[in-house]
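Undergrad: This is the structure I have questions about; it appears just below.
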Amino acid sequence: MSLVINEEQNMLKSSAKELLDLKSPISLMRELRDDNYNQFDPDLWKEMVEMGWTALTVPEEYNGLNFGYVGLGQVIEEMGKKLTVSPMISTVLVSTTIVGLSKNEVLKSKLFDEIMSGKKLCTLAHEESSHHNPNIDLSIISNNNDKFILNGKKRFVIDATISDYLIISANSESNGSLELIIIDSKSKGITFNNKVHMDSKIYSDISFNNVEFSKDNFLSTENDGKKILKKALDIACVGLAAEMLGNIQQAFDMTIQYLKEREQFGIKIGSFQALQHRSAIMFGEIELCKSIVLKALQAIDSGDKNLPELASLAKSKLGLTSKLVTNEAVQMHGGIGVTDDADIGFFLKRVRVSQRIFGDSNYHLDRVAKFNSY
Amino acid sequence: METQVKVDLTNFRLETRKWLEKNCPMSMRGPVTDAKQLYWGGRNGKFTTEDQKVWFERMLEKKWIVPYWETRYGGGGLSSVQNNILNQEMSRLGCRKPHINFGISMLGPALLKFANEEQKIYYLNQICRGEIRWVQGYSEPNAGSDLANLQTKAEDKGDHFLVTGSKVWTSYGDKGDFIFCLVRTSSESKHTGISFLLIDMKSEGVSTRPIKLISGKSPFTETFFDSVKVPKKNLVGTLNDGWTIAKYLLTHERQMIGGIGETEKKKTLGEVAIKSIGITDGLLSNPSIRSKIANLEMNEKIFELTIQRALDEHKAGNNSGAVSSFFKYYGTELAMQKEELRLEVNGFDSTEWTSEESNNGREARYFCRSKGHSIEGGTHEVQLNIIAKRVLGLPSK
């Protein structure tokens, strides 16, 4: 497959840019933050739904657009450039993917309808410690006649404060298998501890205390919970890498612009070789990032068996490069770069959090080494 | 119509495959591990084995020394699609190139673009027959990164130029028959006073002296010109406009050097490390080296994807933005990091210089040789300057 986006994907990217330029400038993120860390702009979400973004990866038989992940990746990348605040990552990238992989047809039809129409928001509650781990041990499903009971603790749940549903990974007490269930976030026995993080987004630690649910709430069937989760996490990594690619392209462009405008010693600071060489190196690193993100997105759509390694390569490369680019961006902005008045710091703070979501570069480089048997 | 083209190409592939299988000697297949395994041609060209001679002569008869040049220039006249097929079939069998010459990879493209018809017919045909071994005369003692500062002078003496000066870093200068040179024909302006001249190294007044490198080898020479008479017809392109040709050629050179890291498919560094360092609980025993290898491998894989993306973007008619300077910089940087890491992976064995076990210090010498990658063909710093100015548009003052 040719490593370029096709015409339709390019059109989607342009239309995403157009909408976000208009409706989601970086200043919106600042306004929402200053409005007591508001996590949701209903008008913007309505526009996104109308653009069909919630239906991009839903198959046609469920009335979706079946546009694929390369397309979704373009939208998320554009959102990354604007630091857009929306449930696209939690509801569309992660939850819709899990629903799509589920074989519970009843749930699937219902959830796809609710998500595509924008009526319901959804998120995954999976992590249990401060470091990403695909395995779990704190969340247990026990069985009491035909009733099921969930006990456990989850951490760092994205968008939990605005989500209608929680998808939860938990081990079955009876056979130890990893299961995925979906429950109403207002269910009895759920307590939230909401924490604002560096990127001005809220991540929730959630306790489940004897939360009851039924057989119909299982997204996993026939022991496929682990398989679904693994694939969904790979896809989530790639999608997040696309957002980070948007983040760093924007931060880099803003920095180059600044180097061309700012004068010291009577000349533009962009004429200093010390800054030029570091800029040129960043340019190259970002070119590499573009290649791996596109390759990994294509691997999702084509069912490439190398997806796990490509996802790890994408998440580790973007983790490392986003660190480099945002650090340099702040440094090259000088004093203004460390003030809250400047937007450049938002990029630094966002990627520090997204680096960690679904595994940081250390986690994923370790995985790359394992894939290559050393 | 389209189907006919497809059928023709399929036939071409099958015929090519059959021909190669029949005509490429077994010893001419498989990866090249030593420069001696390649035939460099020239007036003193010597074949190291009988098979090498047979392989060269068969390919010559087929006009496949330079398969993609036009037939009137001695090439095989293959279309780019046919040439791709030939390359694919050759690498399928592991066939080595029958002949290596800077005339093919560097001078040829410049002649095709800038030379007059008479020059093209004369020189390109010679190149296709492997008769002349070409070398390059660009850098001078005071013109390295600042190449346009070159001072080797070519004075107009009516029917000839009189060339005086010296060049450095001439690759295989002592083995060359002809040298393509940048010379100063006017001192009025730095960039516009340069011309592109072809000089017979047999001419009176030309001499070379080898430069011994830190690797202990001498692949480069200094080349001296002491009042050398060069016929006027050896000027390529317009007088004083040689800089245009030089820039064009440097782009080719950068792409060649940038690709150095991937010509040889060796064991992966991970495999080498497991053998050298050992494994504990399924993981390489030294976690620090392990993470360095993973980091390098990540960048190597993604760099390869980036080369592919640039080609695909080019095919799709887009400007990828990733310029030759970037590929030269990054490709050599990775190759150098790899040589450095190889020393860490192999420990004491890797610094052996003369022992038989180390194949005469192959690894240590490769490492030393790699230090030149970030210097030759335009230093790292020059490449970064080019990216900063031409791609990012950063100001000069």
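Residues are referred to by chain and number: the chain letter is A, B, ... according to the order shown in the structure tokens, the number counts from 1 in that chain, and ligands are numbered separately from 1 in the order shown.
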Which residues of chain B sit at most 6 Å from chain A, using only C-alpha atoms? Give each one's shortest atom pair and distance in Å (one decimal place), in chain and ascending residue order, as CSV.

TA:
residue,atom,partner,partner_atom,distance
B:Gly270,CA,A:Tyr374,CA,5.7
B:Leu283,CA,A:Tyr374,CA,5.3
B:Leu284,CA,A:Tyr374,CA,5.1
B:Ala294,CA,A:Ala369,CA,5.5
B:Ile302,CA,A:Ile292,CA,5.9
B:Leu305,CA,A:Ser291,CA,5.9
B:Thr306,CA,A:Ser291,CA,5.3
B:Arg309,CA,A:Leu3,CA,5.0
B:Asp312,CA,A:Ser2,CA,5.9
B:Leu384,CA,A:His277,CA,5.4
B:Ile387,CA,A:Ala280,CA,5.6
B:Ala388,CA,A:Ala280,CA,5.3
B:Leu394,CA,A:Gly270,CA,5.6
B:Pro395,CA,A:Ser271,CA,5.0
B:Ser396,CA,A:Ser271,CA,5.0
B:Lys397,CA,A:Ser271,CA,5.0

Undergrad: Please list as a PyMOL selection string every residue within 12 Å of Asp224 (chain A), counting only C-alpha atoms and excluding residues in the same chain fewer than 3 positions away.

TA: chain A and resi 98+101-104+169+177-181+218-221+227-231

Undergrad: Keeping only C-alpha atoms, take the residues you just selected and write them out as a tab-separated table (two decimals), in the first residue's frame.

TA:
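Now in again-v3.tsv:
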chain	number	residue	atom	x	y	z
A	98	ILE	CA	-14.16	-2.02	21.57
A	101	LEU	CA	-14.73	-5.83	18.16
A	102	SER	CA	-17.48	-7.21	20.41
A	103	LYS	CA	-19.67	-10.10	19.26
A	104	ASN	CA	-22.61	-9.07	21.45
A	169	SER	CA	-12.03	-4.63	32.22
A	177	SER	CA	-10.75	-14.86	32.26
A	178	LEU	CA	-10.53	-11.17	31.43
A	179	GLU	CA	-13.97	-9.79	30.64
A	180	LEU	CA	-15.19	-6.48	29.26
A	181	ILE	CA	-18.51	-5.12	30.52
A	218	PHE	CA	-20.94	-8.30	28.67
A	219	LEU	CA	-19.13	-6.95	25.63
A	220	SER	CA	-16.82	-9.96	25.73
A	221	THR	CA	-18.30	-13.31	24.79
A	227	LYS	CA	-8.13	-10.38	22.67
A	228	ILE	CA	-10.53	-7.46	22.21
A	229	LEU	CA	-8.77	-5.37	24.83
A	230	LYS	CA	-5.33	-6.04	23.36
A	231	LYS	CA	-6.37	-4.99	19.88

Undergrad: Can you pull out the residues contacting Lys275 (chain B)? Cut-off 12 Å, using only C-alpha atoms, and skip same-chain residues under 6 positions away; I want them as a VMD selection string.

TA: (chain A and resid 374) or (chain B and resid 267 to 269 284 to 285 345 to 347)

Undergrad: Write out as an NGL selection string the set of residues from region 13-103 of chain A that DSSP, computed on the backbone, places in helix (DSSP H, G or I).

TA: :A and (13-23 or 26-34 or 42-50 or 53-55 or 60-62 or 69-82 or 88-101)

Undergrad: Could you save those same residues with C-alpha atoms as a short mmCIF file (atom, residue, chain, number, x, y, z; two decimals), in the first residue's frame?

TA:
data_model
loop_
_atom_site.label_atom_id
_atom_site.label_comp_id
_atom_site.auth_asym_id
_atom_site.auth_seq_id
_atom_site.Cartn_x
_atom_site.Cartn_y
_atom_site.Cartn_z
CA LYS A 13 -8.62 16.11 6.76
CA SER A 14 -9.27 19.46 5.06
CA SER A 15 -12.88 19.59 6.21
CA ALA A 16 -11.77 18.75 9.76
CA LYS A 17 -9.23 21.55 9.65
CA GLU A 18 -11.84 23.95 8.33
CA LEU A 19 -14.33 23.17 11.10
CA LEU A 20 -11.73 23.26 13.86
CA ASP A 21 -10.19 26.52 12.60
CA LEU A 22 -13.61 28.05 12.98
CA LYS A 23 -15.11 26.31 16.01
CA ILE A 26 -6.73 27.02 20.82
CA SER A 27 -8.43 29.86 22.72
CA LEU A 28 -11.47 27.61 23.25
CA MET A 29 -9.34 25.17 25.20
CA ARG A 30 -8.19 28.06 27.38
CA GLU A 31 -11.76 29.30 27.91
CA LEU A 32 -12.96 25.86 28.93
CA ARG A 33 -10.06 25.47 31.32
CA ASP A 34 -10.78 28.85 32.87
CA PRO A 42 -21.98 20.66 23.60
CA ASP A 43 -22.12 22.93 20.52
CA LEU A 44 -18.76 21.72 19.26
CA TRP A 45 -19.73 18.09 19.90
CA LYS A 46 -22.95 18.60 17.92
CA GLU A 47 -20.91 19.90 14.97
CA MET A 48 -18.57 16.93 15.15
CA VAL A 49 -21.47 14.50 15.17
CA GLU A 50 -23.03 16.29 12.19
CA TRP A 53 -16.92 11.86 12.96
CA THR A 54 -18.66 9.54 15.42
CA ALA A 55 -19.54 7.20 12.54
CA GLU A 60 -21.98 0.08 7.04
CA GLU A 61 -24.26 -2.70 8.32
CA TYR A 62 -24.69 -0.63 11.49
CA TYR A 69 -8.91 4.53 10.92
CA VAL A 70 -6.68 6.40 8.46
CA GLY A 71 -9.58 8.83 8.18
CA LEU A 72 -10.20 9.00 11.90
CA GLY A 73 -6.47 9.54 12.39
CA GLN A 74 -6.54 12.62 10.14
CA VAL A 75 -9.36 14.11 12.19
CA ILE A 76 -7.61 13.38 15.49
CA GLU A 77 -4.35 14.83 14.14
CA GLU A 78 -6.14 18.06 13.23
CA MET A 79 -7.70 18.11 16.71
CA GLY A 80 -4.22 17.75 18.15
CA LYS A 81 -3.17 20.92 16.37
CA LYS A 82 -5.94 22.82 18.13
CA MET A 88 -13.41 11.89 20.49
CA ILE A 89 -10.61 9.91 22.14
CA SER A 90 -12.70 8.27 24.87
CA THR A 91 -15.92 7.71 22.97
CA VAL A 92 -14.88 7.32 19.34
CA LEU A 93 -11.29 6.13 19.29
CA VAL A 94 -11.42 3.77 22.26
CA SER A 95 -15.02 2.83 23.06
CA THR A 96 -16.32 2.56 19.49
CA THR A 97 -13.36 0.32 18.68
CA ILE A 98 -14.16 -2.02 21.57
CA VAL A 99 -17.83 -2.11 20.62
CA GLY A 100 -16.84 -2.87 17.03
CA LEU A 101 -14.73 -5.83 18.16
#

Undergrad: Near region 153-159 of chain A, within 6 Å and counting only C-alpha atoms, which residues show up once chain neighbours fewer than 6 positions away are dropped, as a ChimeraX atom specification?

TA: /A:125,127-128,203-207

Undergrad: Mind giving me the straight-line distance from CA of Ile336 (chain A) to CA of Ala241 (chain A) in Å, one decimal?

TA: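 Calculated distance between CA of Ile336 (chain A) and CA of Ala241 (chain A) is 27.6 Å.
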
Undergrad: Between CA of Ser195 (chain B) and CA of Ile211 (chain B), what is the spacing in Å?

TA: 26.0 Å

Undergrad: Hey, which of B:Cys128, B:Val206, B:Val81, B:Leu239 ends up closest to Ile100 (chain B)? Count only C-alpha atoms.

TA: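 Of the candidates, the smallest distance to Ile100 (chain B) is held by B:Cys128.
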
Undergrad: I'd like to know which of B:Leu111, B:Ile65, B:Leu20, B:Ala35 is closest to Glu89 (chain B), using only C-alpha atoms.

TA: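 For Glu89 (chain B), the nearest of the candidates is B:Leu20.
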
Undergrad: With distances taken over only C-alpha atoms, which of A:Asn38, A:Ser172, A:Ser163, A:Gln264 is nearest to Leu138 (chain A)?

TA: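 The closest residue to Leu138 (chain A) is A:Ser172.
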
Undergrad: Would you tabulate, counting only C-alpha atoms, all residues of region 136-245 of chain B that have an atom at most 8 Å from an atom of region 357-376 of chain B, showing the closest pair of atoms and their distance in Å to one decimal, sorted by chain then ascending number, as JSON lines?

TA:
{"residue": "B:Leu213", "atom": "CA", "partner": "B:Arg369", "partner_atom": "CA", "distance": 7.7}
{"residue": "B:Ile214", "atom": "CA", "partner": "B:Cys368", "partner_atom": "CA", "distance": 6.0}
{"residue": "B:Ser215", "atom": "CA", "partner": "B:Arg365", "partner_atom": "CA", "distance": 4.6}
{"residue": "B:Gly216", "atom": "CA", "partner": "B:Arg365", "partner_atom": "CA", "distance": 7.3}

Undergrad: Rounded to one decimal, what separation in Å do you get between CA of Gly193 (chain B) and CA of His160 (chain B)?

TA: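 One can read the CA of Gly193 (chain B) to CA of His160 (chain B) distance as 17.4 Å.
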
Undergrad: Determine which residues of region 105-159 of chain A receive a DSSP assignment of strand (DSSP E), computed from the backbone, and state them as an MDAnalysis selection string.

TA: chainID A and resid 122:125 140:144 147:158

Undergrad: Print the selection's residues with N, CA and C atoms to a file, as a JSON list (two decimals), in the first residue's frame.

TA:
[["chain", "number", "residue", "atom", "x", "y", "z"],
["A", 122, "CYS", "N", -19.03, 7.64, 26.13],
["A", 122, "CYS", "CA", -18.60, 6.36, 26.67],
["A", 122, "CYS", "C", -17.09, 6.38, 26.88],
["A", 123, "THR", "N", -16.60, 5.65, 27.88],
["A", 123, "THR", "CA", -15.15, 5.61, 28.08],
["A", 123, "THR", "C", -14.69, 4.27, 28.62],
["A", 124, "LEU", "N", -13.41, 4.02, 28.53],
["A", 124, "LEU", "CA", -12.85, 2.76, 29.02],
["A", 124, "LEU", "C", -12.21, 2.99, 30.39],
["A", 125, "ALA", "N", -12.57, 2.14, 31.35],
["A", 125, "ALA", "CA", -11.91, 2.16, 32.66],
["A", 125, "ALA", "C", -11.06, 0.89, 32.74],
["A", 140, "ILE", "N", -12.70, -7.46, 40.00],
["A", 140, "ILE", "CA", -13.19, -8.84, 39.99],
["A", 140, "ILE", "C", -14.70, -8.88, 39.72],
["A", 141, "ILE", "N", -15.09, -9.78, 38.86],
["A", 141, "ILE", "CA", -16.52, -10.01, 38.65],
["A", 141, "ILE", "C", -16.89, -11.31, 39.35],
["A", 142, "SER", "N", -17.86, -11.24, 40.26],
["A", 142, "SER", "CA", -18.32, -12.49, 40.87],
["A", 142, "SER", "C", -19.76, -12.75, 40.44],
["A", 143, "ASN", "N", -20.19, -13.94, 40.68],
["A", 143, "ASN", "CA", -21.43, -14.41, 40.11],
["A", 143, "ASN", "C", -22.36, -14.88, 41.22],
["A", 144, "ASN", "N", -23.57, -14.32, 41.26],
["A", 144, "ASN", "CA", -24.53, -14.72, 42.27],
["A", 144, "ASN", "C", -25.84, -15.08, 41.57],
["A", 147, "LYS", "N", -27.17, -13.01, 38.68],
["A", 147, "LYS", "CA", -26.69, -11.65, 38.87],
["A", 147, "LYS", "C", -25.16, -11.63, 38.88],
["A", 148, "PHE", "N", -24.61, -10.55, 38.34],
["A", 148, "PHE", "CA", -23.16, -10.39, 38.39],
["A", 148, "PHE", "C", -22.81, -9.19, 39.25],
["A", 149, "ILE", "N", -21.66, -9.29, 39.93],
["A", 149, "ILE", "CA", -21.26, -8.21, 40.84],
["A", 149, "ILE", "C", -19.83, -7.81, 40.56],
["A", 150, "LEU", "N", -19.61, -6.50, 40.45],
["A", 150, "LEU", "CA", -18.26, -5.98, 40.19],
["A", 150, "LEU", "C", -17.72, -5.30, 41.43],
["A", 151, "ASN", "N", -16.48, -5.67, 41.78],
["A", 151, "ASN", "CA", -15.75, -4.98, 42.82],
["A", 151, "ASN", "C", -14.36, -4.63, 42.30],
["A", 152, "GLY", "N", -13.89, -3.46, 42.67],
["A", 152, "GLY", "CA", -12.53, -3.14, 42.23],
["A", 152, "GLY", "C", -12.25, -1.65, 42.17],
["A", 153, "LYS", "N", -11.07, -1.34, 41.62],
["A", 153, "LYS", "CA", -10.63, 0.05, 41.54],
["A", 153, "LYS", "C", -10.03, 0.29, 40.17],
["A", 154, "LYS", "N", -10.34, 1.43, 39.59],
["A", 154, "LYS", "CA", -9.72, 1.81, 38.32],
["A", 154, "LYS", "C", -9.13, 3.21, 38.46],
["A", 155, "ARG", "N", -8.12, 3.48, 37.64],
["A", 155, "ARG", "CA", -7.48, 4.79, 37.73],
["A", 155, "ARG", "C", -7.39, 5.47, 36.36],
["A", 156, "PHE", "N", -7.22, 6.75, 36.42],
["A", 156, "PHE", "CA", -6.97, 7.56, 35.21],
["A", 156, "PHE", "C", -7.99, 7.33, 34.11],
["A", 157, "VAL", "N", -9.24, 7.33, 34.44],
["A", 157, "VAL", "CA", -10.27, 7.12, 33.42],
["A", 157, "VAL", "C", -10.55, 8.46, 32.72],
["A", 158, "ILE", "N", -10.35, 8.44, 31.40],
["A", 158, "ILE", "CA", -10.51, 9.66, 30.60],
["A", 158, "ILE", "C", -12.00, 10.00, 30.50]]
